[in-house]
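Asker: Okay, so here is model.cif, and as you'll see once you scroll down, it has mmCIF, C-alpha atoms and all ligand atoms.
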data_work
#
loop_
_atom_site.label_atom_id
_atom_site.label_comp_id
_atom_site.auth_asym_id
_atom_site.auth_seq_id
_atom_site.Cartn_x
_atom_site.Cartn_y
_atom_site.Cartn_z
CA MET A 1025 0.00 0.00 0.00
CA SER A 1026 1.98 3.01 -1.14
CA SER A 1027 -0.18 6.07 -1.55
CA VAL A 1028 -3.05 7.76 0.23
CA ASN A 1029 -5.14 7.41 -2.93
CA GLU A 1030 -4.61 3.65 -2.96
CA ILE A 1031 -5.68 3.44 0.70
CA ARG A 1032 -8.75 5.54 -0.10
CA ALA A 1033 -9.63 3.27 -3.00
CA VAL A 1034 -9.44 0.17 -0.78
CA LEU A 1035 -11.55 1.79 1.92
CA ALA A 1036 -14.13 2.98 -0.59
CA ALA A 1037 -14.45 -0.56 -1.93
CA LYS A 1038 -14.82 -1.91 1.59
CA TYR A 1039 -17.19 0.50 3.29
CA ALA A 1040 -20.09 2.32 1.68
CA ARG A 1041 -20.00 5.21 4.11
CA VAL A 1042 -16.46 6.02 2.96
CA LYS A 1043 -17.61 5.77 -0.63
CA THR A 1044 -20.19 8.45 0.01
CA SER A 1045 -17.78 10.82 1.76
CA GLY A 1046 -17.75 14.11 -0.04
CA THR A 1047 -21.10 13.55 -1.73
CA ARG A 1048 -23.56 16.39 -1.98
CA GLU A 1049 -25.70 14.81 0.80
CA GLN A 1050 -22.73 14.56 3.15
CA ARG A 1051 -21.57 18.11 2.51
CA GLU A 1052 -25.13 19.35 2.99
CA ALA A 1053 -25.48 17.38 6.25
CA LEU A 1054 -22.23 18.82 7.58
CA ARG A 1055 -23.23 22.37 6.61
CA LEU A 1056 -26.55 21.94 8.43
CA ALA A 1057 -24.84 20.41 11.49
CA VAL A 1058 -22.38 23.32 11.73
CA GLU A 1059 -25.28 25.77 11.52
CA ILE A 1060 -27.32 23.98 14.20
CA ILE A 1061 -24.35 23.57 16.54
CA GLY A 1062 -23.49 27.27 16.09
CA ALA A 1063 -27.08 28.27 16.91
CA ALA A 1064 -27.10 26.10 20.06
CA GLN A 1065 -23.73 27.49 21.19
CA SER A 1066 -24.90 31.07 20.69
CA ARG A 1067 -27.54 30.61 23.40
CA PRO A 1068 -26.56 30.55 27.09
CA ALA A 1069 -25.63 27.16 28.54
CA LEU A 1070 -28.35 25.65 30.73
CA GLY A 1071 -27.89 23.58 33.87
CA LYS A 1072 -29.21 20.02 33.82
CA GLU A 1073 -29.40 17.38 36.53
CA VAL A 1074 -30.19 13.76 35.79
CA SER A 1075 -30.69 10.64 37.87
CA VAL A 1076 -29.21 7.75 35.90
CA GLN A 1077 -27.36 4.46 36.12
CA ARG A 1078 -23.62 4.63 35.54
CA GLY A 1079 -22.70 4.95 31.89
CA GLU A 1080 -26.04 6.43 30.88
CA VAL A 1081 -24.48 9.89 30.54
CA ARG A 1082 -22.01 9.87 27.66
CA THR A 1083 -19.73 12.37 26.01
CA CYS A 1084 -18.48 12.14 22.45
CA VAL A 1085 -16.49 14.54 20.27
CA PHE A 1086 -17.92 15.48 16.88
CA PHE A 1087 -15.65 16.43 13.99
CA ASP A 1088 -12.58 16.38 16.27
CA GLU A 1089 -13.64 19.50 18.12
CA VAL A 1090 -17.28 19.82 19.21
CA PRO A 1091 -17.97 17.98 22.49
CA PHE A 1092 -21.44 16.48 22.74
CA ILE A 1093 -23.22 15.20 25.81
CA ASN A 1094 -25.92 12.56 25.64
CA VAL A 1095 -28.23 11.04 28.25
CA LEU A 1096 -29.57 7.64 27.22
CA ASP A 1097 -33.34 7.39 27.32
CA HIS A 1098 -35.44 5.26 25.02
CA ARG A 1099 -38.41 7.64 25.28
CA ASN A 1100 -36.56 10.89 24.77
CA PRO A 1101 -32.76 10.81 24.55
CA TYR A 1102 -31.04 14.07 25.48
CA LEU A 1103 -28.34 15.37 23.13
CA ALA A 1104 -26.63 18.73 23.52
CA VAL A 1105 -23.40 20.55 22.85
CA TYR A 1106 -21.47 19.98 26.07
CA TYR A 1107 -20.39 23.04 27.96
CA ARG A 1108 -18.83 22.53 31.41
CA ASP A 1109 -19.26 22.04 35.15
CA MET A 1110 -19.90 18.31 35.20
CA VAL A 1111 -20.53 17.09 38.75
CA GLU A 1112 -20.60 13.33 39.06
CA PRO A 1113 -20.07 10.80 41.86
CA LYS A 1114 -16.45 10.16 42.76
CA GLY A 1115 -15.14 6.61 42.91
CA VAL A 1116 -16.85 3.51 41.75
CA VAL A 1117 -20.62 3.27 41.32
CA PRO A 1118 -22.30 -0.08 41.90
CA ASN A 1119 -24.00 -1.68 38.93
CA ARG A 1120 -27.59 -0.48 38.33
CA GLU A 1121 -27.54 2.02 41.21
CA LYS A 1122 -29.01 5.43 40.34
CA VAL A 1123 -26.62 8.38 40.63
CA THR A 1124 -27.11 12.10 40.18
CA ILE A 1125 -25.02 13.86 37.54
CA SER A 1126 -25.25 17.56 36.77
CA PHE A 1127 -23.69 19.65 34.02
CA LYS A 1128 -24.21 22.71 31.86
CA ALA A 1129 -24.79 22.40 28.13
CA HIS A 1130 -26.31 24.07 25.09
CA PRO A 1131 -29.36 22.00 24.19
CA PHE A 1132 -30.91 21.98 20.74
CA THR A 1133 -34.43 23.23 20.17
CA ASP A 1134 -36.91 20.53 19.15
CA ARG A 1135 -36.67 21.73 15.54
CA GLU A 1136 -32.84 21.71 15.58
CA MET A 1137 -32.85 18.21 17.08
CA GLU A 1138 -35.24 17.05 14.37
CA LEU A 1139 -33.01 18.52 11.65
CA PHE A 1140 -29.83 17.11 13.19
CA LEU A 1141 -31.27 13.63 13.56
CA GLY A 1142 -32.61 13.84 10.02
CA VAL A 1143 -29.04 13.87 8.66
CA ILE A 1144 -27.22 11.99 11.42
CA GLU A 1145 -26.66 9.00 9.13
CA TYR A 1146 -24.16 11.14 7.22
CA LEU A 1147 -22.67 12.58 10.41
CA GLU A 1148 -22.03 9.33 12.32
CA PRO A 1149 -18.59 8.73 10.72
CA LEU A 1150 -17.56 12.12 12.11
CA PHE A 1151 -18.24 11.16 15.75
CA GLY A 1152 -15.31 9.97 17.88
CA GLU A 1153 -15.69 7.21 20.45
CA VAL A 1154 -18.34 7.25 23.16
CA ASN A 1155 -17.06 7.97 26.68
CA PRO A 1156 -19.45 6.92 29.45
CA ARG A 1157 -19.38 8.93 32.69
CA CYS A 1158 -18.91 7.22 36.11
CA LYS A 1159 -16.44 4.45 36.65
CA PHE A 1160 -17.45 0.87 36.08
CA SER A 1161 -16.26 -1.69 38.58
CA SER A 1162 -18.21 -4.86 38.46
CA ALA A 1163 -16.47 -8.13 37.84
CA PRO A 1164 -17.88 -10.11 34.91
CA ILE A 1165 -21.36 -11.52 35.52
CA PRO A 1166 -21.09 -15.31 36.09
CA ILE A 1167 -21.73 -17.21 32.86
CA GLU A 1168 -24.79 -19.10 34.20
CA LYS A 1169 -26.59 -15.77 34.69
CA TRP A 1170 -26.70 -15.16 30.93
CA GLY A 1171 -28.61 -17.13 28.30
CA ALA A 1172 -32.28 -17.55 29.13
CA ASN A 1173 -31.67 -15.59 32.36
CA THR A 1174 -30.52 -12.32 30.75
CA LEU A 1175 -32.22 -9.36 32.44
CA PRO A 1176 -35.29 -8.23 30.46
CA GLU A 1177 -34.09 -4.60 30.36
CA ASP A 1178 -30.76 -5.71 28.86
CA LEU A 1179 -32.56 -7.84 26.30
CA ALA A 1180 -34.78 -4.92 25.31
CA VAL A 1181 -31.79 -2.65 24.72
CA TYR A 1182 -30.04 -5.26 22.61
CA ARG A 1183 -33.06 -6.31 20.58
CA GLN A 1184 -34.70 -2.93 20.17
CA PHE A 1185 -31.74 -0.65 19.64
CA ILE A 1186 -28.47 -2.45 18.94
CA HIS A 1187 -29.44 -5.42 16.76
CA PRO A 1188 -31.24 -3.28 14.14
CA LEU A 1189 -28.09 -1.12 13.80
CA ILE A 1190 -25.97 -4.22 13.14
CA VAL A 1191 -28.43 -5.59 10.62
CA GLY A 1192 -28.58 -2.18 8.89
CA GLU A 1193 -24.79 -1.99 8.71
CA LEU A 1194 -24.67 -5.11 6.50
CA SER A 1195 -25.62 -3.01 3.49
CA ASN A 1196 -22.48 -0.88 3.97
CA LEU A 1197 -20.13 -3.89 3.82
CA THR A 1198 -18.82 -5.76 0.80
CA LEU A 1199 -19.92 -9.34 1.49
CA THR A 1200 -20.43 -11.88 -1.28
CA PRO A 1201 -22.68 -14.98 -1.25
CA GLY A 1202 -21.26 -17.78 0.88
CA ASP A 1203 -19.06 -15.47 3.00
CA LEU A 1204 -18.92 -16.65 6.60
CA VAL A 1205 -20.43 -14.46 9.33
CA CYS A 1206 -19.66 -15.53 12.90
CA GLU A 1207 -21.37 -14.11 15.96
CA LEU A 1208 -19.38 -14.79 19.13
CA ALA A 1209 -21.45 -14.82 22.34
CA CYS A 1210 -24.63 -15.03 20.33
CA GLY A 1211 -26.74 -15.59 23.47
CA THR A 1212 -30.18 -16.85 22.47
CA GLY A 1213 -29.46 -16.29 18.76
CA ASP A 1214 -31.97 -13.49 18.01
CA LEU A 1215 -29.43 -11.38 16.17
CA LEU A 1216 -28.25 -14.32 14.06
CA ALA A 1217 -31.86 -14.94 13.01
CA ASP A 1218 -32.28 -11.26 12.05
CA LEU A 1219 -29.04 -11.25 10.04
CA ARG A 1220 -30.05 -14.44 8.23
CA SER A 1221 -33.40 -13.03 7.24
CA VAL A 1222 -31.74 -10.00 5.60
CA ARG A 1223 -28.79 -11.84 3.97
CA PRO A 1224 -29.84 -15.49 3.54
CA ASP A 1225 -27.09 -15.88 0.93
CA LEU A 1226 -24.29 -15.70 3.55
CA SER A 1227 -23.07 -18.59 5.74
CA TYR A 1228 -23.49 -18.28 9.49
CA MET A 1229 -21.99 -19.65 12.65
CA GLY A 1230 -22.53 -18.76 16.31
CA SER A 1231 -21.09 -19.57 19.70
CA ASP A 1232 -21.73 -18.90 23.37
CA LEU A 1233 -20.44 -20.17 26.68
CA ASN A 1234 -23.89 -20.32 28.29
CA GLU A 1235 -25.44 -23.69 27.57
CA SER A 1236 -29.11 -22.70 27.91
CA GLY A 1237 -28.52 -19.78 25.51
CA VAL A 1238 -26.90 -22.14 22.99
CA GLN A 1239 -29.93 -24.51 23.11
CA ILE A 1240 -32.32 -21.63 22.39
CA ALA A 1241 -30.03 -20.21 19.68
CA ARG A 1242 -29.94 -23.61 17.93
CA SER A 1243 -33.71 -23.88 17.78
CA ALA A 1244 -34.01 -20.28 16.56
CA ASN A 1245 -31.45 -20.96 13.80
CA PRO A 1246 -31.99 -24.43 12.35
CA GLY A 1247 -29.05 -25.65 10.29
CA VAL A 1248 -26.67 -23.01 11.65
CA PRO A 1249 -23.73 -24.45 13.63
CA ILE A 1250 -23.89 -22.94 17.13
CA HIS A 1251 -20.95 -23.96 19.28
CA HIS A 1252 -21.00 -24.21 23.05
CA ALA A 1253 -17.56 -22.65 23.39
CA ASP A 1254 -15.47 -20.02 25.12
CA ALA A 1255 -14.63 -17.13 22.79
CA ARG A 1256 -11.09 -17.07 24.21
CA ASP A 1257 -10.37 -20.17 22.14
CA LEU A 1258 -11.84 -20.22 18.62
CA ALA A 1259 -10.52 -23.69 17.75
CA PHE A 1260 -13.93 -24.48 16.19
CA LEU A 1261 -13.14 -22.03 13.38
CA ASP A 1262 -10.53 -22.55 10.67
CA ILE A 1263 -7.73 -20.00 10.42
CA GLY A 1264 -8.46 -17.09 8.04
CA THR A 1265 -12.01 -18.06 7.11
CA VAL A 1266 -14.40 -15.50 8.62
CA SER A 1267 -15.56 -12.51 6.55
CA LEU A 1268 -17.52 -10.78 9.32
CA PHE A 1269 -17.21 -11.22 13.07
CA VAL A 1270 -20.01 -9.78 15.18
CA LEU A 1271 -19.20 -9.12 18.83
CA CYS A 1272 -22.27 -7.59 20.42
CA GLY A 1273 -21.94 -7.30 24.19
CA LEU A 1274 -18.93 -9.61 24.54
CA VAL A 1275 -15.72 -7.60 24.97
CA ASN A 1276 -17.53 -5.27 27.35
CA GLU A 1277 -17.62 -4.43 31.08
CA SER A 1278 -19.71 -6.91 33.09
CA VAL A 1279 -19.14 -9.63 30.48
CA VAL A 1280 -15.38 -10.38 30.39
CA THR A 1281 -12.17 -8.93 31.83
CA LYS A 1282 -9.88 -6.70 29.78
CA ASP A 1283 -7.30 -9.50 29.49
CA ASP A 1284 -10.01 -11.85 28.20
CA ALA A 1285 -11.17 -9.16 25.76
CA ARG A 1286 -7.64 -8.93 24.34
CA GLN A 1287 -7.36 -12.69 24.03
CA ILE A 1288 -10.74 -12.92 22.27
CA LEU A 1289 -9.76 -10.17 19.84
CA LEU A 1290 -6.44 -11.84 19.02
CA GLN A 1291 -8.33 -15.06 18.30
CA VAL A 1292 -10.69 -13.09 16.06
CA LEU A 1293 -7.73 -11.73 14.08
CA SER A 1294 -6.36 -15.25 13.56
CA ARG A 1295 -9.69 -16.58 12.25
CA ALA A 1296 -10.59 -13.52 10.15
CA LYS A 1297 -9.99 -13.40 6.42
CA LYS A 1298 -7.62 -10.67 5.25
CA GLN A 1299 -9.31 -7.26 5.07
CA SER A 1300 -12.53 -8.59 6.51
CA TYR A 1301 -14.83 -7.01 9.06
CA ALA A 1302 -15.46 -6.98 12.78
CA ILE A 1303 -18.44 -5.18 14.30
CA ILE A 1304 -17.76 -4.56 17.97
CA THR A 1305 -20.58 -3.02 19.98
CA GLY A 1306 -22.64 -3.36 23.12
CA ARG A 1307 -24.62 -1.55 25.75
CA THR A 1308 -21.41 -0.29 27.34
CA PRO A 1309 -18.24 0.64 25.42
CA PRO A 1310 -15.77 -2.14 24.65
CA LEU A 1311 -13.03 -2.66 27.23
CA LEU A 1312 -10.45 -1.58 24.65
CA LYS A 1313 -10.42 2.02 23.45
CA GLU A 1314 -10.33 2.81 19.75
CA VAL A 1315 -6.57 3.32 19.81
CA GLU A 1316 -6.04 -0.04 21.55
CA LEU A 1317 -8.22 -1.78 18.96
CA ALA A 1318 -6.15 -0.14 16.25
CA GLU A 1319 -2.90 -1.24 17.93
CA LEU A 1320 -4.12 -4.85 17.85
CA GLY A 1321 -4.85 -4.54 14.12
CA PHE A 1322 -8.52 -3.50 13.95
CA PHE A 1323 -8.66 -0.51 11.59
CA PRO A 1324 -11.70 1.51 12.69
CA LEU A 1325 -14.05 2.62 9.90
CA LEU A 1326 -16.69 3.84 12.37
CA ALA A 1327 -16.80 4.28 16.18
CA THR A 1328 -20.26 5.52 17.08
CA ARG A 1329 -23.84 5.26 15.95
CA TRP A 1330 -27.00 7.03 17.02
CA SER A 1331 -30.09 5.06 17.97
CA GLN A 1332 -33.44 6.14 19.43
CA TYR A 1333 -31.81 5.32 22.77
CA GLY A 1334 -28.81 7.60 22.30
CA LEU A 1335 -25.16 7.41 21.23
CA LEU A 1336 -23.90 3.82 21.12
CA PRO A 1337 -20.35 2.53 20.87
CA PHE A 1338 -20.38 0.86 17.47
CA TYR A 1339 -17.09 -0.05 15.89
CA VAL A 1340 -16.95 -1.26 12.34
CA CYS A 1341 -13.35 -2.41 11.87
CA LEU A 1342 -11.31 -3.75 9.00
CA THR A 1343 -8.87 -6.59 9.79
CA PRO A 1344 -5.30 -6.44 8.44
CA ALA A 1345 -4.39 -7.10 4.80
C1 LIG A 1401 -24.71 -9.12 26.86
S1 LIG A 1401 -24.96 -10.77 26.32
C2 LIG A 1401 -24.97 -10.54 24.58
C3 LIG A 1401 -25.76 -11.57 23.86
C4 LIG A 1401 -25.92 -11.39 22.35
N1 LIG A 1401 -24.67 -11.15 21.66
C5 LIG A 1401 -26.93 -10.31 21.99
O1 LIG A 1401 -26.56 -9.34 21.34
O2 LIG A 1401 -28.10 -10.44 22.37
C6 LIG A 1401 -23.37 -11.46 26.66
C7 LIG A 1401 -23.18 -12.89 26.21
O3 LIG A 1401 -21.79 -13.23 26.32
C8 LIG A 1401 -21.69 -14.59 26.67
N2 LIG A 1401 -20.32 -14.82 27.16
C9 LIG A 1401 -19.73 -14.29 28.25
N3 LIG A 1401 -18.44 -14.69 28.32
C10 LIG A 1401 -18.22 -15.48 27.23
C11 LIG A 1401 -17.08 -16.17 26.73
N4 LIG A 1401 -15.90 -16.14 27.37
N5 LIG A 1401 -17.20 -16.88 25.59
C12 LIG A 1401 -18.38 -16.92 24.92
N6 LIG A 1401 -19.50 -16.29 25.35
C13 LIG A 1401 -19.41 -15.57 26.48
C14 LIG A 1401 -22.81 -14.77 27.70
O4 LIG A 1401 -23.16 -16.11 27.89
C15 LIG A 1401 -23.92 -13.94 27.06
O5 LIG A 1401 -24.73 -14.72 26.22
#
Now that the file is in, can you turn its structure into structure tokens?

Answerer:
Amino acid sequence: MSSVNEIRAVLAAKYARVKTSGTREQREALRLAVEIIGAAQSRPALGKEVSVQRGEVRTCVFFDEVPFINVLDHRNPYLAVYYRDMVEPKGVVPNREKVTISFKAHPFTDREMELFLGVIEYLEPLFGEVNPRCKFSSAPIPIEKWGANTLPEDLAVYRQFIHPLIVGELSNLTLTPGDLVCELACGTGDLLADLRSVRPDLSYMGSDLNESGVQIARSANPGVPIHHADARDLAFLDIGTVSLFVLCGLVNESVVTKDDARQILLQVLSRAKKQSYAIITGRTPPLLKEVELAELGFFPLLATRWSQYGLLPFYVCLTPA
């Protein structure tokens, strides 16, 4: 790979959002975003106090310079240009405990929000990574607590907000019939079933360490090999065979440790085809930051997506050539 143009050409062939960069729609979206952000910043910052679980207040930089603040809420997510004076609990916050966080920010008007969200599809590649507020501490949840026992509120977030984003992202990737898609930690297999219904021409495989989840996933996906296996050892996959790995809620806080996350990702690299894809997402940000993913060899094409719930960590990565 010798020139910037060659790199651009490869990226454009690999990811539709790159292909569209610089189109009239994208330039128009950016122009509108700059106008809306400017209007919000020209009004005085307002104080806001929220009672949330840890991680539900998130900051994220847009276009390398505009800090945004987001409060997750599936009825009415809050998104504003971040200003200052964040007051948040010190130390570690127990899982699922409500905490009070206050800050000052420049909110959008309803009309501005409507306009911004109307073009956010073109703006998502310009968002940096999501940074949740409040420290996370919990050790991974024991494996028997997953599967059929997954908390209903967790399931709702995954099914309602995250899975549709993953399914939608398929149309931005270059995948040809027969290519192998592997979902690690597929839980009860809902996402695999959704992916299969949109791209029945691809091959699929799943795995999870929770046995009850694997049983349910098998019945939801007849004919698809679903392995009862630990993602730290992908011996059930041949080297260099997978065109798309999906890791939704696996290399995340409360699921595995950071060392495990690294080991899983190294295994993914060994089983991935050259210049193939990995989608890494979840309710909480992955244990490895964007730069750490890049150091391992995951070239990030995208870091963040917007859903009706709020800003979600959503990495679309290219594996090495
Ligand atoms: C948050 S759930 C995500 C489930 C599914 N990917 C989805 O999007 O609905 C986390 C899953 O990771 C699985 N898991 C945790 N540690 C694992 C490991 N080391 N290897 C494989 N699966 C694991 C759990 O059994 C659970 O099904």

Asker: Which distance in Å separates CA of Met1137 in chain A and CA of Phe1151 in chain A, to one decimal?

Answerer: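 One can read the CA of Met1137 in chain A to CA of Phe1151 in chain A distance as 16.3 Å.
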
Asker: For Pro1188 in chain A, which of A:Leu1219, A:Ala1040, A:Cys1158, A:Ile1240 is the closest residue, counting only C-alpha atoms?

Answerer: A:Leu1219

Asker: Show me which residues line ligand LIG 1401 (chain A), defined as having an atom within 8 Å of a ligand atom where all atoms listed in the file count, and present them as number ranges by chain.

Answerer: A: 1165, 1167-1171, 1174, 1178-1179, 1182-1183, 1186-1187, 1207-1215, 1231-1235, 1237, 1252-1256, 1271-1274, 1279-1280, 1284, 1288, 1306-1307

Asker: What is the distance, in Å and to one decimal place, between CA of Ala1244 in chain A and CA of Ser1331 in chain A?

Answerer: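 So the answer is 25.7 Å.
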
Asker: Would you kindly return, as a ChimeraX atom specification, each protein, DNA or RNA residue with an atom no farther than 12 Å from any atom of Thr1281 in chain A, considering only C-alpha atoms and excluding same-chain residues fewer than 3 positions away?

Answerer: /A:1160-1166,1256,1274-1278,1284-1288,1310-1312

Asker: I need the residue nearest Leu1194 in chain A from this list: A:Phe1269, A:Tyr1102, A:Tyr1333, A:Phe1086. Use only C-alpha atoms for the distance.

Answerer: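 For Leu1194 in chain A, the nearest of the given residues is A:Phe1269.
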
Asker: Measuring between all atoms listed in the file, which one of A:Ser1126, A:Gln1291, A:Gln1299, A:Thr1305 shows the shortest distance to Ala1259 in chain A?

Answerer: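 For Ala1259 in chain A, the nearest of the given residues is A:Gln1291.
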
Asker: Pick out the residues sitting within 10 Å of range 1093-1095 of chain A, and hand them over as a list in words; count only C-alpha atoms, and ignore anything fewer than 4 positions along from it in its own chain.

Answerer: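 The neighbour list is Val1074, Ser1075, Val1076, Gly1079, Glu1080, Val1081, Arg1082, Thr1083, Cys1084, Val1085, Asn1100, Pro1101, Tyr1102, Leu1103, Ala1104, Val1105, Tyr1106, Tyr1107, Phe1127, Lys1128, Ala1129, His1130, Pro1131, Val1154, Asn1155, Pro1156, Tyr1333, Gly1334 and Leu1335 of chain A.
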
Asker: Interatomic distance between CA of Val1191 in chain A and CA of Tyr1339 in chain A?

Answerer: 13.7 Å

Asker: For a quick check of understanding, using all atoms listed in the file, which of A:Glu1153, A:Glu1112, A:Glu1121, A:Asp1257 has the smallest distance to Ala1327 in chain A?

Answerer: A:Glu1153

Asker: Between A:Val1292, A:Met1110, A:Cys1206, A:Val1116, which residue has the minimum interatomic distance to Gly1321 in chain A, considering all atoms listed in the file?

Answerer: A:Val1292

Asker: So which one's closest to Ser1195 in chain A, A:Val1222, A:Ala1172, A:Leu1150, A:Val1034? Using all atoms listed in the file, please.

Answerer: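 The shortest atom-to-atom distance to Ser1195 in chain A comes from A:Val1222.
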
Asker: If we count all atoms listed in the file and set the cut-off at 9 Å, which residues sit around Asn1196 in chain A, ignoring sequence neighbours fewer than 2 positions away in its own chain? Please answer as a list of chain:residue names.

Answerer: A:Lys1038, A:Tyr1039, A:Ala1040, A:Arg1041, A:Gly1192, A:Glu1193, A:Leu1194, A:Thr1198

Asker: Dump as a VMD selection string all residues having an atom at most 8 Å from (-28.4, 11.7, 4.0), computed in the file's coordinates with all atoms listed in the file.

Answerer: chain A and resid 1049 to 1050 1053 1142 to 1146

Asker: Taking every listed atom of range 1177-1189 of chain A and adding 4 Å to each side, what centre and edge lengths in Å (one decimal) does the axis-aligned box have, as lines of an AutoDock Vina configuration file?

Answerer:
center_x = -31.4
center_y = -4.2
center_z = 22.1
size_x = 14.7
size_y = 15.2
size_z = 24.6

Asker: Quick one: everything within 8 Å of Ser1227 in chain A, counting all atoms listed in the file, minus sequence neighbours fewer than 6 positions away in the same chain. Send it as a PyMOL selection string.

Answerer: chain A and resi 1201-1205

Asker: What does range 1254-1267 of chain A look like written to a file with C-alpha atoms, as a short mmCIF file (atom, residue, chain, number, x, y, z; two decimals), in the first residue's frame?

Answerer:
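Final output, out-v3.cif:
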data_model
loop_
_atom_site.label_atom_id
_atom_site.label_comp_id
_atom_site.auth_asym_id
_atom_site.auth_seq_id
_atom_site.Cartn_x
_atom_site.Cartn_y
_atom_site.Cartn_z
CA ASP A 1254 -15.47 -20.02 25.12
CA ALA A 1255 -14.63 -17.13 22.79
CA ARG A 1256 -11.09 -17.07 24.21
CA ASP A 1257 -10.37 -20.17 22.14
CA LEU A 1258 -11.84 -20.22 18.62
CA ALA A 1259 -10.52 -23.69 17.75
CA PHE A 1260 -13.93 -24.48 16.19
CA LEU A 1261 -13.14 -22.03 13.38
CA ASP A 1262 -10.53 -22.55 10.67
CA ILE A 1263 -7.73 -20.00 10.42
CA GLY A 1264 -8.46 -17.09 8.04
CA THR A 1265 -12.01 -18.06 7.11
CA VAL A 1266 -14.40 -15.50 8.62
CA SER A 1267 -15.56 -12.51 6.55
#
